[in-house]
>>> print(open('upload_37.pdb').read())   # PDB, C-alpha atoms
ATOM      1  CA  MET A 627    -143.731 -12.954 -58.204
ATOM      2  CA  LYS A 628    -141.932 -10.359 -56.100
ATOM      3  CA  ALA A 629    -138.209  -9.822 -56.469
ATOM      4  CA  LEU A 630    -135.589  -7.341 -55.334
ATOM      5  CA  ILE A 631    -134.342  -5.695 -58.528
ATOM      6  CA  CYS A 632    -131.179  -3.746 -59.313
ATOM      7  CA  PRO A 633    -132.405  -1.622 -62.269
ATOM      8  CA  SER A 634    -129.062   0.167 -62.719
ATOM      9  CA  LEU A 635    -125.674  -0.029 -61.063
ATOM     10  CA  GLY A 636    -125.396   2.043 -57.917
ATOM     11  CA  PRO A 637    -125.945   2.067 -54.149
ATOM     12  CA  ALA A 638    -128.626   0.083 -52.341
ATOM     13  CA  GLU A 639    -130.937   3.089 -52.499
ATOM     14  CA  ASN A 640    -131.349   2.297 -56.219
ATOM     15  CA  LEU A 641    -132.819  -1.144 -55.524
ATOM     16  CA  ARG A 642    -136.568  -1.692 -55.629
ATOM     17  CA  VAL A 643    -139.055  -4.447 -54.908
ATOM     18  CA  ALA A 644    -141.028  -5.202 -58.073
ATOM     19  CA  GLU A 645    -143.557  -7.627 -59.510
ATOM     20  CA  VAL A 646    -141.807  -9.594 -62.245
ATOM     21  CA  GLU A 647    -142.620 -12.610 -64.355
ATOM     22  CA  ALA A 648    -141.799 -15.871 -62.581
ATOM     23  CA  PRO A 649    -139.212 -18.071 -64.348
ATOM     24  CA  ALA A 650    -139.893 -21.583 -65.620
ATOM     25  CA  ALA A 651    -137.629 -24.583 -65.104
ATOM     26  CA  GLY A 652    -135.645 -25.320 -68.252
ATOM     27  CA  ASP A 653    -133.725 -28.440 -69.257
ATOM     28  CA  GLY A 654    -131.935 -29.891 -66.253
ATOM     29  CA  GLU A 655    -133.299 -27.189 -63.978
ATOM     30  CA  ALA A 656    -135.449 -27.001 -60.875
ATOM     31  CA  LEU A 657    -137.815 -24.184 -60.047
ATOM     32  CA  VAL A 658    -137.294 -23.385 -56.370
ATOM     33  CA  GLU A 659    -139.675 -21.471 -54.147
ATOM     34  CA  VAL A 660    -137.174 -19.416 -52.175
ATOM     35  CA  ALA A 661    -137.678 -19.266 -48.421
ATOM     36  CA  TYR A 662    -134.567 -17.284 -47.500
ATOM     37  CA  ALA A 663    -131.907 -15.510 -49.540
ATOM     38  CA  GLY A 664    -128.551 -15.018 -47.872
ATOM     39  CA  LEU A 665    -126.926 -11.609 -48.284
ATOM     40  CA  ASN A 666    -123.161 -11.164 -48.127
ATOM     41  CA  PHE A 667    -120.675  -8.309 -48.328
ATOM     42  CA  PHE A 668    -120.151  -8.951 -52.034
ATOM     43  CA  ASP A 669    -123.825  -8.082 -52.616
ATOM     44  CA  THR A 670    -123.016  -4.490 -51.649
ATOM     45  CA  LEU A 671    -120.333  -4.536 -54.365
ATOM     46  CA  ILE A 672    -122.137  -6.410 -57.137
ATOM     47  CA  ILE A 673    -124.989  -3.880 -57.266
ATOM     48  CA  GLU A 674    -122.408  -1.135 -57.885
ATOM     49  CA  GLY A 675    -120.431  -3.064 -60.505
ATOM     50  CA  LYS A 676    -117.412  -3.359 -58.190
ATOM     51  CA  TYR A 677    -117.302  -7.156 -57.906
ATOM     52  CA  GLN A 678    -115.512  -9.653 -60.177
ATOM     53  CA  VAL A 679    -118.928 -11.025 -61.240
ATOM     54  CA  LYS A 680    -120.671  -8.261 -63.207
ATOM     55  CA  PRO A 681    -124.254  -9.096 -64.216
ATOM     56  CA  LYS A 682    -125.979  -6.699 -66.573
ATOM     57  CA  PRO A 683    -128.949  -4.816 -65.032
ATOM     58  CA  PRO A 684    -131.703  -5.438 -64.379
ATOM     59  CA  PHE A 685    -130.902  -8.320 -62.055
ATOM     60  CA  SER A 686    -131.637  -9.514 -58.546
ATOM     61  CA  PRO A 687    -128.839  -9.713 -55.942
ATOM     62  CA  GLY A 688    -128.480 -12.561 -53.459
ATOM     63  CA  GLY A 689    -125.906 -15.305 -53.998
ATOM     64  CA  GLU A 690    -127.308 -18.127 -51.846
ATOM     65  CA  PHE A 691    -130.702 -19.418 -50.791
ATOM     66  CA  SER A 692    -132.813 -22.143 -49.267
ATOM     67  CA  GLY A 693    -136.327 -23.233 -50.187
ATOM     68  CA  ARG A 694    -138.424 -26.026 -51.688
ATOM     69  CA  VAL A 695    -138.567 -27.490 -55.171
ATOM     70  CA  ALA A 696    -141.741 -26.244 -56.876
ATOM     71  CA  ALA A 697    -141.252 -27.856 -60.310
ATOM     72  CA  LEU A 698    -138.715 -29.808 -62.333
ATOM     73  CA  GLY A 699    -137.736 -29.185 -65.939
ATOM     74  CA  PRO A 700    -137.063 -31.851 -68.579
ATOM     75  CA  GLY A 701    -134.103 -34.023 -67.710
ATOM     76  CA  ALA A 702    -133.844 -32.787 -64.114
ATOM     77  CA  ARG A 703    -132.794 -35.748 -61.984
ATOM     78  CA  GLY A 704    -132.133 -36.379 -58.322
ATOM     79  CA  PHE A 705    -134.866 -34.238 -56.773
ATOM     80  CA  GLU A 706    -138.616 -34.323 -56.297
ATOM     81  CA  VAL A 707    -141.202 -31.588 -55.972
ATOM     82  CA  GLY A 708    -141.374 -30.568 -52.317
ATOM     83  CA  ASP A 709    -137.737 -31.357 -51.494
ATOM     84  CA  ARG A 710    -136.032 -28.881 -49.203
ATOM     85  CA  VAL A 711    -132.947 -27.567 -50.983
ATOM     86  CA  MET A 712    -130.133 -25.049 -50.672
ATOM     87  CA  GLY A 713    -127.859 -23.621 -53.314
ATOM     88  CA  ALA A 714    -125.529 -20.892 -54.526
ATOM     89  CA  CYS A 715    -126.114 -18.879 -57.664
ATOM     90  CA  GLY A 716    -123.828 -15.820 -57.637
ATOM     91  CA  TYR A 717    -126.835 -13.515 -57.920
ATOM     92  CA  GLY A 718    -130.579 -13.810 -58.455
ATOM     93  CA  ALA A 719    -131.682 -15.353 -55.145
ATOM     94  CA  ALA A 720    -133.539 -12.316 -53.775
ATOM     95  CA  ALA A 721    -136.696 -13.405 -55.579
ATOM     96  CA  GLN A 722    -139.636 -15.561 -54.601
ATOM     97  CA  ARG A 723    -138.727 -18.154 -57.224
ATOM     98  CA  ILE A 724    -135.526 -19.062 -59.015
ATOM     99  CA  ALA A 725    -134.794 -21.497 -61.854
ATOM    100  CA  ILE A 726    -131.427 -23.151 -61.360
ATOM    101  CA  PRO A 727    -129.573 -26.248 -62.645
ATOM    102  CA  VAL A 728    -130.090 -29.179 -60.288
ATOM    103  CA  SER A 729    -126.304 -29.650 -60.273
ATOM    104  CA  ARG A 730    -126.115 -26.498 -58.147
ATOM    105  CA  LEU A 731    -128.600 -27.714 -55.536
ATOM    106  CA  GLU A 732    -128.146 -29.752 -52.378
ATOM    107  CA  ARG A 733    -130.901 -31.506 -50.483
ATOM    108  CA  ILE A 734    -131.206 -30.191 -46.926
ATOM    109  CA  PRO A 735    -130.991 -33.031 -44.390
ATOM    110  CA  GLU A 736    -133.587 -33.535 -41.687
ATOM    111  CA  GLY A 737    -132.779 -31.578 -38.564
ATOM    112  CA  LEU A 738    -131.272 -28.607 -40.399
ATOM    113  CA  ALA A 739    -133.603 -25.592 -40.570
ATOM    114  CA  LEU A 740    -134.135 -23.686 -43.800
ATOM    115  CA  GLU A 741    -132.819 -20.481 -42.253
ATOM    116  CA  LYS A 742    -129.563 -22.187 -41.257
ATOM    117  CA  ALA A 743    -129.181 -23.843 -44.660
ATOM    118  CA  ALA A 744    -129.550 -20.485 -46.417
ATOM    119  CA  GLY A 745    -126.335 -19.304 -44.769
ATOM    120  CA  LEU A 746    -124.156 -22.360 -45.370
ATOM    121  CA  SER A 747    -123.305 -22.248 -49.061
ATOM    122  CA  VAL A 748    -121.253 -19.079 -49.525
ATOM    123  CA  THR A 749    -119.791 -17.988 -46.194
ATOM    124  CA  TYR A 750    -119.177 -21.419 -44.731
ATOM    125  CA  GLY A 751    -118.340 -22.849 -48.147
ATOM    126  CA  THR A 752    -115.751 -20.112 -48.671
ATOM    127  CA  SER A 753    -114.227 -20.583 -45.238
ATOM    128  CA  LEU A 754    -113.977 -24.369 -45.421
ATOM    129  CA  HIS A 755    -112.411 -24.194 -48.889
ATOM    130  CA  ALA A 756    -110.008 -21.531 -47.602
ATOM    131  CA  LEU A 757    -108.929 -23.462 -44.525
ATOM    132  CA  LYS A 758    -109.006 -26.976 -45.996
ATOM    133  CA  GLN A 759    -107.923 -26.765 -49.641
ATOM    134  CA  ARG A 760    -105.961 -23.500 -49.608
ATOM    135  CA  ALA A 761    -104.409 -23.217 -46.127
ATOM    136  CA  GLU A 762    -104.214 -26.984 -45.507
ATOM    137  CA  LEU A 763    -104.879 -26.145 -41.857
ATOM    138  CA  LYS A 764    -103.710 -28.801 -39.405
ATOM    139  CA  SER A 765    -104.962 -29.629 -35.926
ATOM    140  CA  GLY A 766    -102.894 -27.788 -33.325
ATOM    141  CA  GLU A 767    -101.962 -24.881 -35.610
ATOM    142  CA  THR A 768    -102.706 -21.257 -34.723
ATOM    143  CA  LEU A 769    -105.244 -19.433 -36.902
ATOM    144  CA  LEU A 770    -105.771 -15.657 -36.879
ATOM    145  CA  VAL A 771    -109.190 -14.643 -38.209
ATOM    146  CA  LEU A 772    -109.606 -10.975 -39.093
ATOM    147  CA  GLY A 773    -113.138  -9.565 -39.285
ATOM    148  CA  ALA A 774    -114.051 -12.452 -37.000
ATOM    149  CA  SER A 775    -117.661 -11.499 -36.263
ATOM    150  CA  GLY A 776    -118.949 -11.076 -39.826
ATOM    151  CA  GLY A 777    -120.342 -13.755 -42.129
ATOM    152  CA  VAL A 778    -117.151 -15.357 -43.441
ATOM    153  CA  GLY A 779    -115.201 -14.420 -40.317
ATOM    154  CA  LEU A 780    -117.548 -16.210 -37.942
ATOM    155  CA  ALA A 781    -117.556 -19.207 -40.298
ATOM    156  CA  ALA A 782    -113.751 -19.290 -40.211
ATOM    157  CA  VAL A 783    -113.721 -19.140 -36.397
ATOM    158  CA  GLU A 784    -116.151 -22.044 -36.084
ATOM    159  CA  ILE A 785    -114.584 -24.158 -38.830
ATOM    160  CA  GLY A 786    -111.080 -23.475 -37.514
ATOM    161  CA  LYS A 787    -112.107 -24.749 -34.091
ATOM    162  CA  ALA A 788    -113.840 -27.776 -35.653
ATOM    163  CA  MET A 789    -110.583 -28.577 -37.479
ATOM    164  CA  GLY A 790    -108.626 -28.465 -34.220
ATOM    165  CA  ALA A 791    -106.892 -25.091 -34.581
ATOM    166  CA  ARG A 792    -106.249 -22.559 -31.844
ATOM    167  CA  VAL A 793    -108.242 -19.562 -33.074
ATOM    168  CA  ILE A 794    -107.315 -15.927 -32.416
ATOM    169  CA  ALA A 795    -110.139 -13.552 -33.351
ATOM    170  CA  GLY A 796    -109.524 -10.032 -34.592
ATOM    171  CA  ALA A 797    -112.424  -7.550 -34.707
ATOM    172  CA  SER A 798    -113.070  -3.838 -34.286
ATOM    173  CA  SER A 799    -115.093  -3.780 -31.050
ATOM    174  CA  ASN A 800    -115.258  -5.603 -27.740
ATOM    175  CA  GLU A 801    -118.848  -6.651 -28.519
ATOM    176  CA  LYS A 802    -117.699  -8.372 -31.703
ATOM    177  CA  LEU A 803    -114.810 -10.033 -29.878
ATOM    178  CA  ALA A 804    -117.103 -11.373 -27.153
ATOM    179  CA  PHE A 805    -119.310 -12.791 -29.900
ATOM    180  CA  ALA A 806    -116.313 -14.483 -31.553
ATOM    181  CA  ARG A 807    -115.262 -15.996 -28.216
ATOM    182  CA  GLN A 808    -118.760 -17.398 -27.745
ATOM    183  CA  HIS A 809    -118.346 -19.204 -31.055
ATOM    184  CA  GLY A 810    -114.956 -20.783 -30.520
ATOM    185  CA  ALA A 811    -112.174 -18.195 -30.459
ATOM    186  CA  ALA A 812    -109.579 -18.946 -27.772
ATOM    187  CA  GLU A 813    -108.078 -15.433 -27.837
ATOM    188  CA  ALA A 814    -109.222 -12.035 -29.081
ATOM    189  CA  ILE A 815    -107.603  -8.803 -30.291
ATOM    190  CA  ASN A 816    -109.368  -5.449 -30.739
ATOM    191  CA  THR A 817    -107.998  -4.350 -34.107
ATOM    192  CA  ALA A 818    -109.302  -0.806 -33.615
ATOM    193  CA  SER A 819    -107.740  -0.038 -30.233
ATOM    194  CA  GLU A 820    -104.860  -2.462 -29.641
ATOM    195  CA  ASP A 821    -101.385  -2.809 -31.121
ATOM    196  CA  VAL A 822    -102.207  -5.911 -33.171
ATOM    197  CA  ARG A 823     -98.597  -6.793 -33.965
ATOM    198  CA  ALA A 824     -97.539  -6.563 -30.306
ATOM    199  CA  ARG A 825    -100.524  -8.601 -29.108
ATOM    200  CA  LEU A 826     -99.824 -11.317 -31.653
ATOM    201  CA  LYS A 827     -96.223 -11.537 -30.435
ATOM    202  CA  GLU A 828     -97.618 -12.143 -26.940
ATOM    203  CA  LEU A 829    -100.217 -14.687 -28.033
ATOM    204  CA  ALA A 830     -98.081 -16.487 -30.634
ATOM    205  CA  PRO A 831     -94.372 -15.823 -29.963
ATOM    206  CA  LYS A 832     -93.307 -18.070 -32.852
ATOM    207  CA  GLY A 833     -95.884 -16.564 -35.191
ATOM    208  CA  VAL A 834     -99.294 -17.670 -36.394
ATOM    209  CA  ASP A 835     -99.592 -20.478 -38.925
ATOM    210  CA  VAL A 836    -102.546 -19.115 -40.915
ATOM    211  CA  VAL A 837    -104.051 -15.645 -41.309
ATOM    212  CA  TYR A 838    -107.619 -15.530 -42.668
ATOM    213  CA  ASP A 839    -108.061 -12.031 -44.123
ATOM    214  CA  PRO A 840    -111.405 -10.806 -45.511
ATOM    215  CA  VAL A 841    -110.613  -7.210 -44.477
ATOM    216  CA  GLY A 842    -107.592  -5.998 -46.432
ATOM    217  CA  GLY A 843    -106.092  -2.571 -45.805
ATOM    218  CA  PRO A 844    -103.251  -2.128 -43.280
ATOM    219  CA  LEU A 845    -104.214  -5.279 -41.362
ATOM    220  CA  THR A 846    -103.004  -7.445 -44.247
ATOM    221  CA  GLU A 847     -99.370  -6.424 -43.822
ATOM    222  CA  THR A 848     -99.686  -6.764 -40.051
ATOM    223  CA  GLY A 849    -100.975 -10.298 -40.490
ATOM    224  CA  LEU A 850     -98.269 -11.128 -43.014
ATOM    225  CA  ARG A 851     -95.513  -9.883 -40.686
ATOM    226  CA  SER A 852     -97.005 -11.998 -37.876
ATOM    227  CA  LEU A 853     -96.795 -15.301 -39.758
ATOM    228  CA  ALA A 854     -94.593 -18.135 -38.601
ATOM    229  CA  TRP A 855     -92.036 -19.832 -40.858
ATOM    230  CA  LYS A 856     -93.963 -21.384 -43.764
ATOM    231  CA  GLY A 857     -97.154 -19.641 -42.640
ATOM    232  CA  ARG A 858    -100.031 -18.925 -45.022
ATOM    233  CA  LEU A 859    -101.919 -15.662 -45.552
ATOM    234  CA  LEU A 860    -105.360 -16.236 -47.105
ATOM    235  CA  VAL A 861    -106.693 -13.417 -49.280
ATOM    236  CA  ILE A 862    -110.487 -13.594 -48.922
ATOM    237  CA  GLY A 863    -111.638 -10.071 -49.730
ATOM    238  CA  PHE A 864    -111.342  -6.382 -48.977
ATOM    239  CA  ALA A 865    -114.166  -5.304 -46.662
ATOM    240  CA  SER A 866    -112.093  -2.280 -45.614
ATOM    241  CA  GLY A 867    -112.356  -0.977 -49.175
ATOM    242  CA  GLU A 868    -108.573  -0.946 -49.617
ATOM    243  CA  ILE A 869    -106.665  -3.542 -51.642
ATOM    244  CA  PRO A 870    -103.270  -3.810 -49.907
ATOM    245  CA  ARG A 871     -99.851  -4.044 -51.555
ATOM    246  CA  PRO A 872     -97.650  -5.774 -48.987
ATOM    247  CA  PRO A 873     -93.855  -5.819 -49.480
ATOM    248  CA  LEU A 874     -92.794  -9.078 -51.063
ATOM    249  CA  ASN A 875     -89.568  -9.322 -49.091
ATOM    250  CA  ILE A 876     -91.687 -10.584 -46.166
ATOM    251  CA  PRO A 877     -92.708 -13.861 -47.871
ATOM    252  CA  LEU A 878     -89.074 -14.265 -48.943
ATOM    253  CA  LEU A 879     -87.690 -13.894 -45.409
ATOM    254  CA  LYS A 880     -90.384 -16.004 -43.750
ATOM    255  CA  GLY A 881     -90.685 -18.683 -46.415
ATOM    256  CA  CYS A 882     -94.420 -18.016 -46.208
ATOM    257  CA  ASP A 883     -97.213 -17.991 -48.768
ATOM    258  CA  ILE A 884     -99.888 -15.545 -49.860
ATOM    259  CA  ARG A 885    -102.763 -17.686 -51.144
ATOM    260  CA  GLY A 886    -105.821 -16.406 -52.973
ATOM    261  CA  VAL A 887    -109.267 -17.835 -52.220
ATOM    262  CA  TYR A 888    -111.872 -17.705 -55.012
ATOM    263  CA  TRP A 889    -114.636 -20.013 -53.865
ATOM    264  CA  GLY A 890    -116.888 -19.500 -56.893
ATOM    265  CA  GLU A 891    -114.194 -20.627 -59.308
ATOM    266  CA  PHE A 892    -113.311 -23.549 -57.029
ATOM    267  CA  THR A 893    -116.899 -24.857 -57.153
ATOM    268  CA  ALA A 894    -116.809 -24.816 -60.963
ATOM    269  CA  ARG A 895    -113.349 -26.343 -61.370
ATOM    270  CA  GLU A 896    -113.468 -28.890 -58.533
ATOM    271  CA  PRO A 897    -117.129 -29.925 -58.136
ATOM    272  CA  LYS A 898    -116.351 -33.186 -56.333
ATOM    273  CA  ALA A 899    -114.282 -31.451 -53.659
ATOM    274  CA  HIS A 900    -117.012 -28.822 -53.338
ATOM    275  CA  GLN A 901    -119.666 -31.513 -52.810
ATOM    276  CA  GLU A 902    -117.513 -33.125 -50.130
ATOM    277  CA  ASN A 903    -117.120 -29.756 -48.411
ATOM    278  CA  LEU A 904    -120.877 -29.159 -48.401
ATOM    279  CA  ALA A 905    -121.520 -32.606 -46.943
ATOM    280  CA  GLN A 906    -119.042 -31.864 -44.167
ATOM    281  CA  LEU A 907    -120.650 -28.485 -43.463
ATOM    282  CA  MET A 908    -124.136 -29.980 -43.213
ATOM    283  CA  ASP A 909    -122.890 -32.679 -40.839
ATOM    284  CA  TRP A 910    -121.230 -30.065 -38.640
ATOM    285  CA  ALA A 911    -124.315 -27.840 -38.728
ATOM    286  CA  ARG A 912    -126.634 -30.689 -37.729
ATOM    287  CA  SER A 913    -124.336 -31.693 -34.874
ATOM    288  CA  GLY A 914    -124.106 -28.149 -33.547
ATOM    289  CA  ALA A 915    -120.385 -27.759 -34.280
ATOM    290  CA  LEU A 916    -121.396 -24.834 -36.492
ATOM    291  CA  SER A 917    -123.952 -22.348 -35.192
ATOM    292  CA  VAL A 918    -124.683 -20.671 -38.569
ATOM    293  CA  HIS A 919    -125.727 -17.746 -36.390
ATOM    294  CA  ILE A 920    -128.418 -15.542 -37.944
ATOM    295  CA  HIS A 921    -127.840 -11.847 -37.308
ATOM    296  CA  ALA A 922    -131.282 -10.906 -38.599
ATOM    297  CA  LYS A 923    -134.068 -12.020 -40.936
ATOM    298  CA  TYR A 924    -135.425  -9.064 -42.893
ATOM    299  CA  ALA A 925    -138.668  -8.896 -44.823
ATOM    300  CA  LEU A 926    -138.072  -8.327 -48.523
ATOM    301  CA  GLU A 927    -139.394  -4.771 -48.215
ATOM    302  CA  ASP A 928    -136.783  -4.030 -45.523
ATOM    303  CA  TYR A 929    -133.833  -4.708 -47.836
ATOM    304  CA  ARG A 930    -132.343  -1.236 -47.249
ATOM    305  CA  GLN A 931    -131.827  -1.994 -43.559
ATOM    306  CA  ALA A 932    -130.162  -5.282 -44.466
ATOM    307  CA  PHE A 933    -127.760  -3.712 -46.965
ATOM    308  CA  GLU A 934    -126.956  -0.855 -44.598
ATOM    309  CA  ALA A 935    -126.081  -3.231 -41.746
ATOM    310  CA  ILE A 936    -123.745  -5.209 -44.019
ATOM    311  CA  ALA A 937    -122.108  -2.144 -45.573
ATOM    312  CA  LYS A 938    -121.440  -0.628 -42.133
ATOM    313  CA  ARG A 939    -120.053  -3.961 -40.859
ATOM    314  CA  GLN A 940    -122.647  -4.099 -38.088
ATOM    315  CA  THR A 941    -123.666  -7.712 -38.657
ATOM    316  CA  LEU A 942    -122.813 -10.587 -36.343
ATOM    317  CA  GLY A 943    -123.107 -13.699 -38.490
ATOM    318  CA  LYS A 944    -125.540 -14.150 -41.374
ATOM    319  CA  THR A 945    -128.047 -11.686 -42.828
ATOM    320  CA  LEU A 946    -131.129 -13.128 -44.534
ATOM    321  CA  LEU A 947    -134.056 -11.865 -46.594
ATOM    322  CA  ARG A 948    -137.294 -13.763 -45.988
ATOM    323  CA  LEU A 949    -139.064 -14.343 -49.285
ATOM    324  CA  SER A 950    -141.931 -16.796 -48.883
ATOM    325  CA  ALA A 951    -144.358 -18.512 -46.563
ATOM    326  CA  SER A 952    -142.414 -21.758 -47.032
ATOM    327  CA  ALA A 953    -139.832 -20.551 -44.518
ATOM    328  CA  ASP A 954    -139.507 -22.635 -41.344
TER     329      ASP A 954
END
>>> encode(input="upload_37.pdb", output="structure tokens")
Amino acid sequence: MKALICPSLGPAENLRVAEVEAPAAGDGEALVEVAYAGLNFFDTLIIEGKYQVKPKPPFSPGGEFSGRVAALGPGARGFEVGDRVMGACGYGAAAQRIAIPVSRLERIPEGLALEKAAGLSVTYGTSLHALKQRAELKSGETLLVLGASGGVGLAAVEIGKAMGARVIAGASSNEKLAFARQHGAAEAINTASEDVRARLKELAPKGVDVVYDPVGGPLTETGLRSLAWKGRLLVIGFASGEIPRPPLNIPLLKGCDIRGVYWGEFTAREPKAHQENLAQLMDWARSGALSVHIHAKYALEDYRQAFEAIAKRQTLGKTLLRLSASAD
């Protein structure tokens, strides 16, 4: 089979498409013919050894996927050959076939396309966990989403609206802000050209209740200072490349929280809550409450373009690699 391989840690230029031996389904596993692999910002980090998950080369990137069950190993229950499935795997999805425990698969409901399902697990899973379990977001609260046009950012905008929040989108260009408005943001702030703190005082005089921050850098402290009493700052990631060190007197004075969001660990520690989240996401996606907007679908051989778009923060929504003829 063909797979995208990271032979040694380094930039995307080091990756290569190679013919490799196809895996077999082991005990409790399904062999899935991958239709689409979802790429995320962390894929640009994992291939350079800069992410908290550090696979040993050679390995294939890609942390989420959709496809069809091609075979079942001994003891694999709950699925049949031909079932349309989606799943998350950390890495390894950028290959035409993947062997994975059936406990990490979800059957895709009728009416939900494979390309949409490929983008639900990680970005939307992260954002729902962040807003539901970590922020405990309530209807009527004000939510500031930084990096609002990217994968997790767009997911947070759409989920925040679905949960009844008033969503303020922050992004670095007017094009990205218009995109966020189209997907549910009530207000928008250009974080590259506007005084973000001053604009937030105008839009939320009493402060925002939740800040969703996948960007890091100076915007983190700005968001923290803009929180209302008992507000919550969600630490999602550091797309800016800078891990901030905000002054801790701010949480003291505001009675607010800084809450970390580690979706991968959540899925392992709280599988029941994770399953409930996925069911909710699929219901919302089928109903149209979530767009699961696809920025682009790249052929496997065009992986460099995909990684470049993500690294330069040019993507609006999800970025997919197309891996097989089983794609919708």
>>> closest_residue(input="upload_37.pdb", among="A:Leu757, A:Leu665, A:Leu671, A:Cys632", to="Gly867 (chain A)", atoms="all atoms listed in the file")
A:Leu671
>>> resolve_selection(input="upload_37.pdb", expression="the PyMOL selection byres ((chain A and resi 784) around 8)", output="list of chain:residue names")
A:Leu780, A:Ala781, A:Ala782, A:Val783, A:Ile785, A:Gly786, A:Lys787, A:Ala788, A:His809, A:Gly810, A:Ala811, A:Ala915, A:Leu916, A:Ser917
>>> closest_residue(input="upload_37.pdb", among="A:Arg895, A:Leu850, A:Trp889, A:Ala791", to="Pro877 (chain A)", atoms="all atoms listed in the file")
A:Leu850
>>> residues_around(input="upload_37.pdb", residues="region 674-687 of chain A", least_positions_apart="4", cutoff="8 Å", atoms="all atoms listed in the file", output="ChimeraX atom specification")
/A:629-637,668-670,716-721
>>> write_last_selection(input="upload_37.pdb", atoms="C-alpha atoms", output="short mmCIF file (atom, residue, chain, number, x, y, z; two decimals), in the frame of the given file")
data_model
loop_
_atom_site.label_atom_id
_atom_site.label_comp_id
_atom_site.auth_asym_id
_atom_site.auth_seq_id
_atom_site.Cartn_x
_atom_site.Cartn_y
_atom_site.Cartn_z
CA ALA A 629 -138.21 -9.82 -56.47
CA LEU A 630 -135.59 -7.34 -55.33
CA ILE A 631 -134.34 -5.70 -58.53
CA CYS A 632 -131.18 -3.75 -59.31
CA PRO A 633 -132.40 -1.62 -62.27
CA SER A 634 -129.06 0.17 -62.72
CA LEU A 635 -125.67 -0.03 -61.06
CA GLY A 636 -125.40 2.04 -57.92
CA PRO A 637 -125.94 2.07 -54.15
CA PHE A 668 -120.15 -8.95 -52.03
CA ASP A 669 -123.82 -8.08 -52.62
CA THR A 670 -123.02 -4.49 -51.65
CA GLY A 716 -123.83 -15.82 -57.64
CA TYR A 717 -126.84 -13.52 -57.92
CA GLY A 718 -130.58 -13.81 -58.46
CA ALA A 719 -131.68 -15.35 -55.14
CA ALA A 720 -133.54 -12.32 -53.78
CA ALA A 721 -136.70 -13.40 -55.58
#
>>> resolve_selection(input="upload_37.pdb", expression="the PyMOL selection byres ((chain A and resi 845) around 12)", output="PyMOL selection string")
chain A and resi 770-773+796-798+816-818+821-823+837-844+846-852+859+861+864-866+868-872
>>> resolve_selection(input="upload_37.pdb", expression="the PyMOL selection byres ((chain A and resi 707-710) around 8)", output="VMD selection string")
chain A and resid 692 to 698 705 to 706 711 to 712 733 to 734 740
>>> decode(input="upload_37.pdb", residues="region 634-665 of chain A", atoms="C-alpha atoms", output="tab-separated table (two decimals), in the first residue's frame")
chain	number	residue	atom	x	y	z
A	634	SER	CA	13.47	10.99	10.27
A	635	LEU	CA	12.40	13.93	12.39
A	636	GLY	CA	12.39	17.22	10.54
A	637	PRO	CA	10.33	19.55	8.34
A	638	ALA	CA	7.67	18.41	5.88
A	639	GLU	CA	10.26	18.41	3.11
A	640	ASN	CA	11.65	15.23	4.72
A	641	LEU	CA	8.39	13.32	4.23
A	642	ARG	CA	7.99	10.92	1.32
A	643	VAL	CA	5.28	8.78	-0.23
A	644	ALA	CA	6.40	5.14	-0.19
A	645	GLU	CA	5.16	1.63	-0.89
A	646	VAL	CA	5.04	-0.20	2.43
A	647	GLU	CA	3.69	-3.50	3.65
A	648	ALA	CA	-0.01	-3.31	4.52
A	649	PRO	CA	-0.86	-4.12	8.16
A	650	ALA	CA	-3.09	-6.99	9.26
A	651	ALA	CA	-5.87	-6.76	11.83
A	652	GLY	CA	-4.74	-8.19	15.16
A	653	ASP	CA	-6.78	-9.26	18.18
A	654	GLY	CA	-9.64	-6.85	18.73
A	655	GLU	CA	-8.65	-4.78	15.72
A	656	ALA	CA	-10.21	-3.72	12.44
A	657	LEU	CA	-8.33	-3.16	9.23
A	658	VAL	CA	-9.69	0.05	7.72
A	659	GLU	CA	-9.33	1.16	4.13
A	660	VAL	CA	-8.70	4.85	4.68
A	661	ALA	CA	-10.65	7.25	2.48
A	662	TYR	CA	-9.50	10.52	4.04
A	663	ALA	CA	-6.88	11.39	6.65
A	664	GLY	CA	-7.39	14.63	8.53
A	665	LEU	CA	-4.31	16.81	9.03
